[in-house]
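Participant: My structure is in work04.cif, and what it holds is mmCIF, C-alpha atoms:
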data_entry
loop_
_atom_site.group_PDB
_atom_site.id
_atom_site.type_symbol
_atom_site.label_atom_id
_atom_site.label_comp_id
_atom_site.auth_asym_id
_atom_site.auth_seq_id
_atom_site.Cartn_x
_atom_site.Cartn_y
_atom_site.Cartn_z
ATOM 1 C CA MET A 1 -58.122 -18.916 -29.220
ATOM 2 C CA ALA A 2 -57.318 -20.579 -25.914
ATOM 3 C CA VAL A 3 -57.300 -19.727 -22.224
ATOM 4 C CA SER A 4 -57.111 -21.776 -19.044
ATOM 5 C CA ASP A 5 -57.077 -21.440 -15.271
ATOM 6 C CA VAL A 6 -59.482 -18.525 -15.234
ATOM 7 C CA HIS A 7 -60.650 -19.387 -11.686
ATOM 8 C CA VAL A 8 -63.811 -17.297 -11.811
ATOM 9 C CA GLY A 9 -64.450 -17.855 -8.122
ATOM 10 C CA TYR A 10 -62.268 -14.764 -7.742
ATOM 11 C CA PRO A 11 -64.435 -11.703 -8.511
ATOM 12 C CA ASP A 12 -61.571 -9.870 -10.280
ATOM 13 C CA ASN A 13 -61.024 -12.847 -12.561
ATOM 14 C CA ARG A 14 -64.727 -13.213 -13.279
ATOM 15 C CA ARG A 15 -64.981 -9.590 -14.401
ATOM 16 C CA ILE A 16 -62.091 -10.087 -16.824
ATOM 17 C CA VAL A 17 -63.462 -13.367 -18.145
ATOM 18 C CA GLU A 18 -66.951 -11.992 -18.689
ATOM 19 C CA ALA A 19 -65.438 -9.240 -20.862
ATOM 20 C CA ILE A 20 -63.781 -11.702 -23.290
ATOM 21 C CA GLU A 21 -65.248 -11.381 -26.774
ATOM 22 C CA PRO A 22 -64.355 -13.045 -30.091
ATOM 23 C CA GLU A 23 -62.494 -10.989 -32.661
ATOM 24 C CA SER A 24 -64.552 -12.653 -35.410
ATOM 25 C CA PRO A 25 -67.894 -14.478 -35.397
ATOM 26 C CA ASP A 26 -65.979 -17.505 -36.721
ATOM 27 C CA ASP A 27 -63.604 -17.710 -33.736
ATOM 28 C CA TRP A 28 -63.369 -20.868 -31.634
ATOM 29 C CA LEU A 29 -62.485 -20.793 -27.947
ATOM 30 C CA ILE A 30 -60.561 -23.505 -26.096
ATOM 31 C CA LEU A 31 -61.094 -23.593 -22.326
ATOM 32 C CA ALA A 32 -58.151 -25.684 -21.111
ATOM 33 C CA GLY A 33 -59.357 -26.450 -17.595
ATOM 34 C CA ASP A 34 -59.737 -24.895 -14.158
ATOM 35 C CA ILE A 35 -62.693 -22.651 -14.913
ATOM 36 C CA ALA A 36 -63.891 -22.982 -11.331
ATOM 37 C CA GLU A 37 -64.583 -25.485 -8.557
ATOM 38 C CA LEU A 38 -68.392 -25.250 -8.463
ATOM 39 C CA ALA A 39 -70.564 -26.755 -11.194
ATOM 40 C CA ALA A 40 -72.819 -23.671 -11.255
ATOM 41 C CA ASP A 41 -69.856 -21.380 -12.008
ATOM 42 C CA ILE A 42 -68.499 -23.736 -14.660
ATOM 43 C CA THR A 43 -71.877 -23.938 -16.360
ATOM 44 C CA ALA A 44 -72.313 -20.165 -16.335
ATOM 45 C CA ILE A 45 -69.022 -19.659 -18.169
ATOM 46 C CA TRP A 46 -69.831 -22.370 -20.725
ATOM 47 C CA ARG A 47 -73.195 -20.742 -21.394
ATOM 48 C CA LEU A 48 -71.630 -17.289 -21.735
ATOM 49 C CA PHE A 49 -69.028 -18.355 -24.276
ATOM 50 C CA ALA A 50 -71.291 -20.736 -26.171
ATOM 51 C CA GLU A 51 -73.391 -17.669 -27.006
ATOM 52 C CA ARG A 52 -70.362 -15.641 -28.147
ATOM 53 C CA PHE A 53 -68.046 -18.052 -29.976
ATOM 54 C CA ALA A 54 -68.691 -20.225 -33.010
ATOM 55 C CA LYS A 55 -67.424 -23.243 -31.081
ATOM 56 C CA VAL A 56 -66.305 -23.817 -27.491
ATOM 57 C CA ILE A 57 -63.989 -26.711 -26.601
ATOM 58 C CA TRP A 58 -63.380 -27.714 -22.985
ATOM 59 C CA VAL A 59 -61.041 -30.060 -21.147
ATOM 60 C CA PRO A 60 -61.246 -30.608 -17.384
ATOM 61 C CA GLY A 61 -58.633 -29.426 -14.958
ATOM 62 C CA ASN A 62 -58.141 -30.652 -11.438
ATOM 63 C CA HIS A 63 -60.312 -27.859 -9.968
ATOM 64 C CA GLU A 64 -63.376 -28.889 -11.996
ATOM 65 C CA LEU A 65 -62.938 -32.424 -10.669
ATOM 66 C CA TRP A 66 -62.749 -31.415 -7.004
ATOM 67 C CA THR A 67 -65.676 -32.251 -4.759
ATOM 68 C CA ALA A 68 -65.462 -29.096 -2.662
ATOM 69 C CA LYS A 69 -67.431 -28.749 0.552
ATOM 70 C CA GLN A 70 -69.392 -25.803 -0.917
ATOM 71 C CA GLU A 71 -70.454 -27.873 -3.947
ATOM 72 C CA THR A 72 -74.130 -28.859 -4.098
ATOM 73 C CA ILE A 73 -73.375 -31.535 -6.723
ATOM 74 C CA ARG A 74 -71.896 -34.190 -4.441
ATOM 75 C CA LEU A 75 -70.649 -36.491 -7.200
ATOM 76 C CA ARG A 76 -67.046 -37.710 -7.086
ATOM 77 C CA GLY A 77 -64.448 -38.835 -9.580
ATOM 78 C CA GLN A 78 -65.667 -40.384 -12.822
ATOM 79 C CA ALA A 79 -69.301 -39.662 -11.943
ATOM 80 C CA ARG A 80 -68.524 -35.962 -11.522
ATOM 81 C CA TYR A 81 -66.611 -35.904 -14.808
ATOM 82 C CA GLU A 82 -69.495 -37.584 -16.631
ATOM 83 C CA TYR A 83 -71.964 -35.109 -15.127
ATOM 84 C CA LEU A 84 -69.850 -32.200 -16.400
ATOM 85 C CA VAL A 85 -69.541 -33.792 -19.838
ATOM 86 C CA GLU A 86 -73.312 -34.154 -20.159
ATOM 87 C CA THR A 87 -73.905 -30.602 -18.933
ATOM 88 C CA ALA A 88 -71.387 -29.239 -21.428
ATOM 89 C CA ARG A 89 -72.968 -31.179 -24.267
ATOM 90 C CA ASP A 90 -76.374 -29.742 -23.413
ATOM 91 C CA LEU A 91 -74.866 -26.300 -24.029
ATOM 92 C CA GLY A 92 -73.123 -27.323 -27.258
ATOM 93 C CA VAL A 93 -69.651 -27.349 -25.702
ATOM 94 C CA ILE A 94 -67.204 -29.923 -27.110
ATOM 95 C CA THR A 95 -65.647 -32.267 -24.514
ATOM 96 C CA PRO A 96 -62.958 -34.988 -24.598
ATOM 97 C CA GLU A 97 -65.740 -37.546 -25.086
ATOM 98 C CA ASP A 98 -67.018 -36.009 -28.328
ATOM 99 C CA PRO A 99 -65.837 -36.308 -31.945
ATOM 100 C CA TYR A 100 -62.765 -34.154 -32.474
ATOM 101 C CA PRO A 101 -63.647 -31.048 -34.513
ATOM 102 C CA VAL A 102 -61.574 -29.981 -37.519
ATOM 103 C CA TRP A 103 -60.482 -26.361 -37.783
ATOM 104 C CA THR A 104 -60.619 -25.327 -41.465
ATOM 105 C CA GLY A 105 -59.927 -21.615 -41.051
ATOM 106 C CA ASP A 106 -56.599 -19.819 -41.358
ATOM 107 C CA GLY A 107 -53.763 -22.054 -40.243
ATOM 108 C CA GLY A 108 -55.787 -25.196 -40.894
ATOM 109 C CA PRO A 109 -56.891 -27.741 -41.536
ATOM 110 C CA ALA A 110 -56.122 -29.301 -38.164
ATOM 111 C CA VAL A 111 -57.885 -31.702 -35.848
ATOM 112 C CA VAL A 112 -58.457 -30.066 -32.468
ATOM 113 C CA ALA A 113 -58.270 -32.903 -29.932
ATOM 114 C CA PRO A 114 -59.489 -32.112 -26.409
ATOM 115 C CA LEU A 115 -57.935 -34.632 -23.998
ATOM 116 C CA PHE A 116 -58.486 -35.677 -20.427
ATOM 117 C CA VAL A 117 -55.227 -37.227 -19.273
ATOM 118 C CA PRO A 118 -54.351 -36.360 -15.658
ATOM 119 C CA TYR A 119 -51.154 -37.050 -13.706
ATOM 120 C CA ASP A 120 -49.703 -40.228 -12.217
ATOM 121 C CA TYR A 121 -46.849 -39.011 -9.966
ATOM 122 C CA THR A 122 -44.174 -39.954 -12.542
ATOM 123 C CA PHE A 123 -42.798 -36.395 -12.718
ATOM 124 C CA ARG A 124 -40.573 -37.259 -9.752
ATOM 125 C CA PRO A 125 -37.455 -35.475 -8.478
ATOM 126 C CA GLY A 126 -34.052 -37.044 -8.989
ATOM 127 C CA GLY A 127 -33.153 -39.771 -6.548
ATOM 128 C CA VAL A 128 -36.785 -40.697 -5.893
ATOM 129 C CA SER A 129 -37.912 -43.951 -7.460
ATOM 130 C CA THR A 130 -41.465 -44.533 -6.223
ATOM 131 C CA LYS A 131 -44.727 -42.663 -5.783
ATOM 132 C CA ALA A 132 -44.655 -43.309 -2.031
ATOM 133 C CA GLU A 133 -41.159 -41.848 -1.687
ATOM 134 C CA ALA A 134 -42.125 -38.822 -3.773
ATOM 135 C CA LEU A 135 -45.239 -38.090 -1.717
ATOM 136 C CA ALA A 136 -43.285 -38.502 1.512
ATOM 137 C CA LEU A 137 -40.763 -35.957 0.259
ATOM 138 C CA ALA A 138 -43.573 -33.574 -0.683
ATOM 139 C CA ARG A 139 -45.024 -33.804 2.821
ATOM 140 C CA GLU A 140 -41.605 -33.191 4.346
ATOM 141 C CA THR A 141 -41.150 -30.058 2.235
ATOM 142 C CA GLY A 142 -44.704 -28.842 2.964
ATOM 143 C CA VAL A 143 -45.688 -28.672 -0.727
ATOM 144 C CA VAL A 144 -48.718 -30.914 -1.273
ATOM 145 C CA CYS A 145 -51.406 -30.282 -3.887
ATOM 146 C CA THR A 146 -54.960 -29.766 -2.610
ATOM 147 C CA ASP A 147 -55.972 -32.588 -4.954
ATOM 148 C CA GLU A 148 -54.855 -35.006 -2.256
ATOM 149 C CA TRP A 149 -57.935 -33.974 -0.254
ATOM 150 C CA LEU A 150 -60.505 -32.871 -2.837
ATOM 151 C CA LEU A 151 -59.919 -34.835 -6.066
ATOM 152 C CA HIS A 152 -61.443 -38.299 -5.672
ATOM 153 C CA PRO A 153 -60.709 -40.907 -8.368
ATOM 154 C CA ASP A 154 -63.796 -43.112 -7.756
ATOM 155 C CA PRO A 155 -64.327 -45.797 -8.931
ATOM 156 C CA TYR A 156 -60.588 -46.080 -9.550
ATOM 157 C CA PRO A 157 -58.504 -46.820 -6.460
ATOM 158 C CA THR A 158 -56.066 -43.957 -7.147
ATOM 159 C CA ILE A 159 -55.668 -40.958 -9.437
ATOM 160 C CA ASP A 160 -52.712 -42.666 -11.118
ATOM 161 C CA ALA A 161 -54.904 -45.676 -11.930
ATOM 162 C CA TRP A 162 -57.466 -43.288 -13.452
ATOM 163 C CA SER A 163 -54.668 -41.613 -15.390
ATOM 164 C CA ARG A 164 -53.404 -44.921 -16.804
ATOM 165 C CA ALA A 165 -56.920 -45.766 -17.966
ATOM 166 C CA ARG A 166 -57.254 -42.371 -19.642
ATOM 167 C CA VAL A 167 -53.833 -42.725 -21.310
ATOM 168 C CA ALA A 168 -54.791 -46.064 -22.839
ATOM 169 C CA LEU A 169 -58.235 -44.909 -23.993
ATOM 170 C CA THR A 170 -56.955 -41.622 -25.423
ATOM 171 C CA ALA A 171 -53.917 -43.062 -27.203
ATOM 172 C CA GLU A 172 -56.120 -45.648 -28.893
ATOM 173 C CA ARG A 173 -58.459 -42.944 -30.101
ATOM 174 C CA LEU A 174 -55.704 -40.620 -31.336
ATOM 175 C CA ALA A 175 -54.120 -43.496 -33.246
ATOM 176 C CA THR A 176 -57.196 -43.654 -35.484
ATOM 177 C CA LEU A 177 -56.635 -40.120 -36.819
ATOM 178 C CA ASP A 178 -55.355 -39.530 -40.342
ATOM 179 C CA PRO A 179 -51.556 -39.090 -39.957
ATOM 180 C CA ALA A 180 -51.598 -36.581 -42.803
ATOM 181 C CA MET A 181 -53.790 -34.214 -40.752
ATOM 182 C CA PRO A 182 -52.007 -32.008 -38.174
ATOM 183 C CA THR A 183 -53.433 -31.904 -34.676
ATOM 184 C CA VAL A 184 -53.820 -29.396 -31.891
ATOM 185 C CA LEU A 185 -53.554 -31.437 -28.695
ATOM 186 C CA VAL A 186 -55.329 -29.827 -25.745
ATOM 187 C CA ASN A 187 -54.856 -31.084 -22.184
ATOM 188 C CA HIS A 188 -54.998 -29.263 -18.871
ATOM 189 C CA TRP A 189 -51.745 -30.848 -17.709
ATOM 190 C CA PRO A 190 -48.620 -30.517 -19.910
ATOM 191 C CA LEU A 191 -47.906 -33.525 -22.110
ATOM 192 C CA VAL A 192 -44.155 -33.266 -21.500
ATOM 193 C CA ARG A 193 -42.239 -32.675 -18.307
ATOM 194 C CA GLN A 194 -39.932 -29.855 -19.454
ATOM 195 C CA PRO A 195 -42.384 -27.018 -18.676
ATOM 196 C CA THR A 196 -42.267 -27.956 -14.988
ATOM 197 C CA ASP A 197 -38.526 -27.281 -14.812
ATOM 198 C CA VAL A 198 -39.202 -23.620 -13.961
ATOM 199 C CA LEU A 199 -41.588 -24.281 -11.064
ATOM 200 C CA ARG A 200 -40.665 -22.401 -7.909
ATOM 201 C CA TYR A 201 -41.238 -25.626 -5.957
ATOM 202 C CA PRO A 202 -39.985 -28.489 -8.160
ATOM 203 C CA ILE A 203 -41.761 -31.153 -6.072
ATOM 204 C CA PHE A 204 -45.105 -29.772 -7.309
ATOM 205 C CA ALA A 205 -44.343 -31.439 -10.652
ATOM 206 C CA LEU A 206 -45.760 -34.628 -9.117
ATOM 207 C CA TRP A 207 -49.257 -33.263 -9.789
ATOM 208 C CA CYS A 208 -48.470 -31.912 -13.274
ATOM 209 C CA GLY A 209 -48.558 -34.762 -15.766
ATOM 210 C CA THR A 210 -47.418 -38.209 -16.787
ATOM 211 C CA THR A 211 -44.334 -39.482 -18.600
ATOM 212 C CA ALA A 212 -46.679 -41.719 -20.631
ATOM 213 C CA THR A 213 -47.504 -38.786 -22.948
ATOM 214 C CA ALA A 214 -43.913 -37.627 -23.502
ATOM 215 C CA ASP A 215 -43.907 -38.504 -27.224
ATOM 216 C CA TRP A 216 -47.528 -37.702 -28.080
ATOM 217 C CA HIS A 217 -46.704 -34.376 -29.759
ATOM 218 C CA ARG A 218 -44.536 -36.313 -32.252
ATOM 219 C CA ARG A 219 -46.534 -39.524 -32.368
ATOM 220 C CA PHE A 220 -49.821 -37.769 -33.108
ATOM 221 C CA HIS A 221 -48.500 -35.113 -35.486
ATOM 222 C CA ALA A 222 -49.133 -32.010 -33.386
ATOM 223 C CA THR A 223 -48.736 -28.589 -34.876
ATOM 224 C CA ALA A 224 -49.389 -27.187 -31.391
ATOM 225 C CA ALA A 225 -50.040 -28.439 -27.873
ATOM 226 C CA VAL A 226 -52.172 -26.332 -25.539
ATOM 227 C CA TYR A 227 -52.103 -26.685 -21.754
ATOM 228 C CA GLY A 228 -52.433 -24.773 -18.481
ATOM 229 C CA HIS A 229 -52.186 -25.781 -14.815
ATOM 230 C CA LEU A 230 -48.724 -24.305 -14.179
ATOM 231 C CA HIS A 231 -49.869 -20.668 -14.180
ATOM 232 C CA ILE A 232 -46.733 -19.792 -16.170
ATOM 233 C CA PRO A 233 -48.073 -18.448 -19.489
ATOM 234 C CA ARG A 234 -45.519 -18.749 -22.277
ATOM 235 C CA THR A 235 -44.641 -20.380 -25.583
ATOM 236 C CA THR A 236 -41.963 -23.079 -25.705
ATOM 237 C CA TRP A 237 -40.819 -25.499 -28.397
ATOM 238 C CA TYR A 238 -39.992 -29.191 -28.033
ATOM 239 C CA ASP A 239 -38.982 -31.278 -31.065
ATOM 240 C CA ASP A 240 -40.022 -28.310 -33.230
ATOM 241 C CA VAL A 241 -43.562 -28.488 -31.848
ATOM 242 C CA ARG A 242 -45.039 -25.383 -30.264
ATOM 243 C CA PHE A 243 -46.389 -25.694 -26.714
ATOM 244 C CA GLU A 244 -48.693 -22.950 -25.453
ATOM 245 C CA GLU A 245 -49.314 -22.490 -21.718
ATOM 246 C CA VAL A 246 -52.422 -20.296 -21.698
ATOM 247 C CA SER A 247 -53.172 -19.744 -17.994
ATOM 248 C CA MET A 248 -54.813 -16.602 -16.730
ATOM 249 C CA GLY A 249 -53.986 -17.511 -13.132
ATOM 250 C CA TYR A 250 -54.914 -16.107 -9.739
ATOM 251 C CA PRO A 251 -55.175 -12.319 -9.224
ATOM 252 C CA ARG A 252 -51.910 -12.173 -7.249
ATOM 253 C CA GLU A 253 -50.110 -13.978 -10.082
ATOM 254 C CA ARG A 254 -51.455 -11.605 -12.722
ATOM 255 C CA VAL A 255 -50.060 -8.715 -10.673
ATOM 256 C CA ALA A 256 -46.675 -10.451 -10.646
ATOM 257 C CA TRP A 257 -46.761 -10.973 -14.419
ATOM 258 C CA GLU A 258 -47.669 -7.324 -14.933
ATOM 259 C CA ALA A 259 -44.573 -6.365 -12.946
ATOM 260 C CA TYR A 260 -42.552 -8.343 -15.515
ATOM 261 C CA GLY A 261 -44.215 -6.386 -18.316
ATOM 262 C CA ARG A 262 -46.425 -9.330 -19.289
ATOM 263 C CA PRO A 263 -50.024 -8.380 -18.441
ATOM 264 C CA PHE A 264 -52.816 -10.818 -19.209
ATOM 265 C CA ALA A 265 -53.862 -10.017 -22.775
ATOM 266 C CA GLY A 266 -56.840 -12.306 -23.117
ATOM 267 C CA PRO A 267 -57.034 -15.704 -24.797
ATOM 268 C CA ARG A 268 -54.014 -16.782 -26.837
ATOM 269 C CA GLN A 269 -54.407 -17.235 -30.570
ATOM 270 C CA ILE A 270 -53.556 -20.827 -31.487
ATOM 271 C CA LEU A 271 -54.323 -20.956 -35.219
ATOM 272 C CA PRO A 272 -52.926 -19.413 -37.285
ATOM 273 C CA TYR A 273 -49.618 -18.995 -35.487
ATOM 274 C CA VAL A 274 -48.563 -15.367 -35.173
ATOM 275 C CA SER A 275 -44.912 -14.762 -34.427
ATOM 276 C CA GLU A 276 -44.204 -12.270 -31.651
ATOM 277 C CA THR A 277 -41.122 -11.197 -33.617
ATOM 278 C CA THR A 278 -42.766 -10.553 -36.964
ATOM 279 C CA GLY A 279 -46.401 -10.059 -35.932
ATOM 280 C CA SER A 280 -47.479 -12.073 -38.963
ATOM 281 C CA PRO A 281 -48.831 -15.595 -39.465
ATOM 282 C CA GLU A 282 -46.303 -18.386 -39.870
ATOM 283 C CA GLY A 283 -46.554 -22.058 -40.743
ATOM 284 C CA SER A 284 -49.644 -24.202 -40.534
ATOM 285 C CA GLY A 285 -50.809 -23.387 -37.052
ATOM 286 C CA GLY A 286 -50.059 -21.611 -33.841
ATOM 287 C CA ALA A 287 -50.768 -19.114 -31.157
ATOM 288 C CA ALA A 288 -50.124 -15.435 -30.826
ATOM 289 C CA ALA A 289 -46.964 -15.334 -28.779
ATOM 290 C CA ARG A 290 -48.040 -13.143 -25.888
ATOM 291 C CA GLY A 291 -46.794 -13.514 -22.337
ATOM 292 C CA GLN A 292 -44.098 -16.004 -23.243
ATOM 293 C CA ALA A 293 -41.057 -15.180 -21.122
ATOM 294 C CA ALA A 294 -40.123 -18.047 -18.854
ATOM 295 C CA ARG A 295 -40.419 -16.905 -15.268
ATOM 296 C CA PRO A 296 -40.162 -19.256 -12.271
ATOM 297 C CA VAL A 297 -43.317 -18.001 -10.607
ATOM 298 C CA GLY A 298 -46.493 -20.004 -11.176
ATOM 299 C CA ARG A 299 -47.816 -22.792 -9.001
ATOM 300 C CA GLY A 300 -46.508 -23.754 -5.619
#
Could you render the structure from this file as structure tokens?

Facilitator:
Amino acid sequence: MAVSDVHVGYPDNRRIVEAIEPESPDDWLILAGDIAELAADITAIWRLFAERFAKVIWVPGNHELWTAKQETIRLRGQARYEYLVETARDLGVITPEDPYPVWTGDGGPAVVAPLFVPYDYTFRPGGVSTKAEALALARETGVVCTDEWLLHPDPYPTIDAWSRARVALTAERLATLDPAMPTVLVNHWPLVRQPTDVLRYPIFALWCGTTATADWHRRFHATAAVYGHLHIPRTTWYDDVRFEEVSMGYPRERVAWEAYGRPFAGPRQILPYVSETTGSPEGSGGAAARGQAARPVGRG
């Protein structure tokens, strides 16, 4: 099962999240980023689910990496990430720095690979050729991600430099996997650009990924790719690979999805894949196809 962007700093969201239970004692739970901004809240959710699920797998989102003014842990950038990794490990939660676990239940076997690959401003609008031009356009339109103030890349000079380092490190590690074993690639930001095409404010795509991962779902033999960040929960297919956006989103967004007849139904099943049409398992992996209609709401 997988869920992301639960943002438990909102009391309504926290109540929903605290009610999530496994359907089986063997269930795994993927937390695909943006649990909360404060380390204490993040840790509380890890502890809760580590007690309920057989295995919990986490990847960071941009909100976990913020150094918010209310945060008592004043670490920034890589130091903050490393602190969160060590805290997660103490609770038995799998991070992008740990050995990739192998799911051997229904729909398996498959290597579940939690990744930390952020964005590098290469999801640019047409006619814009540089990062500087893209950011200038974003400022002109009034759509600028809060990361520009709260996400510090230390010791890297920029977030795109950090992203390039993570791309190189992660690609090298994924290349060592057995090509005969399918993977479930998990990253907070989408690995391909196409999901951002339905954003209400297209310029926000700047903070949504990197073109460097555009072929990873093919190159690393993915049976499914799990992501969040966009707050547009749905299932899409690229090159016959299933992509699952598993965001819960902010309370106001959940109300909007309910109006479309797509209420939040809890974590999405990733393996085995259950077709929304047939209601039965298909293929070698997948997610229950709930909340999948493409709607241009989401982030902005």

Participant: Fewer than 6 positions away in the same chain doesn't count, so skip those; otherwise give me all residues within 7 Å of Thr67 in chain A, counting all atoms listed in the file, as a list of chain:residue names.

Facilitator: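 Near neighbours after the sequence-gap exclusion: A:Arg74, A:Leu75, A:Arg76, A:Leu150, A:Leu151.
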
Participant: Given only C-alpha atoms as the basis, pick out the residue of A:Gly33, A:Gly92, A:Pro25, A:Pro125 nearest to Trp58 in chain A.

Facilitator: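 The closest residue to Trp58 in chain A is A:Gly33.
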
Participant: Might you spell out which residues the PyMOL selection byres ((chain A and resi 96) around 10) would select in the displayed file, as a list in words?

Facilitator: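 Output from the PyMOL selection byres ((chain A and resi 96) around 10), applied to this file: Ile57, Trp58, Val59, Pro60, Val85, Ile94, Thr95, Glu97, Asp98, Pro99, Tyr100, Ala113, Pro114, Leu115, Phe116, Val117, Thr170, Val186 and Asn187 of chain A.
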
Participant: If you apply the PyMOL selection byres ((chain A and resi 118-121) around 9) to this file, what residues do you get, as a PyMOL selection string?

Facilitator: chain A and resi 61-62+116-117+122-124+130-131+134-135+158-164+166-167+187-189+205-211

Participant: Under the rule that only C-alpha atoms are counted, which of A:Tyr10, A:Tyr156, A:Phe53, A:Trp46 is the nearest residue to Leu84 in chain A?

Facilitator: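 Smallest separation from Leu84 in chain A among the options: A:Trp46.
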
Participant: To one decimal place, how far is CA of Glu86 in chain A from CA of Ala40 in chain A in Å?

Facilitator: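 CA of Ala40 in chain A lies at a distance of 13.8 Å from CA of Glu86 in chain A.
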
Participant: If you count only C-alpha atoms, which residues fall within 12 Å of Trp237 in chain A, apart from same-chain ones fewer than 4 positions away, as a PyMOL selection string?

Facilitator: chain A and resi 192+194-195+217+222-226+241-245+286+289+292

Participant: In Å, with one decimal, what is the gap from CA of Asp5 in chain A to CA of Gly249 in chain A?

Facilitator: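 Taking CA of Asp5 in chain A and CA of Gly249 in chain A, their separation equals 5.4 Å.
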
Participant: Hey, what comes out of the PyMOL selection byres ((chain A and resi 43) around 12) on this file? Could you write it as number ranges by chain?

Facilitator: A: 8, 35-42, 44-50, 58, 64, 83-93

Participant: Mind working out the centre and edge lengths of an axis-aligned box for range 89-105 of chain A, all listed atoms inside, 3 Å added to each side, rounded to one decimal in Å and written as AutoDock Vina command-line options?

Facilitator:
--center_x -68.2 --center_y -29.6 --center_z -32.4 --size_x 22.4 --size_y 21.9 --size_z 24.1

Participant: Considering only C-alpha atoms, can you say which of A:Arg14, A:Thr213, A:Val274, A:Pro233 comes closest to Ala168 in chain A?

Facilitator: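 For Ala168 in chain A, the nearest of the given residues is A:Thr213.
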
Participant: Can you tell me, as number ranges by chain, what residues are no more than 10 Å from Trp28 in chain A when counting all atoms listed in the file, ignoring any on the same chain fewer than 4 positions away?

Facilitator: A: 1-2, 22-24, 49-50, 52-57, 103, 269-271
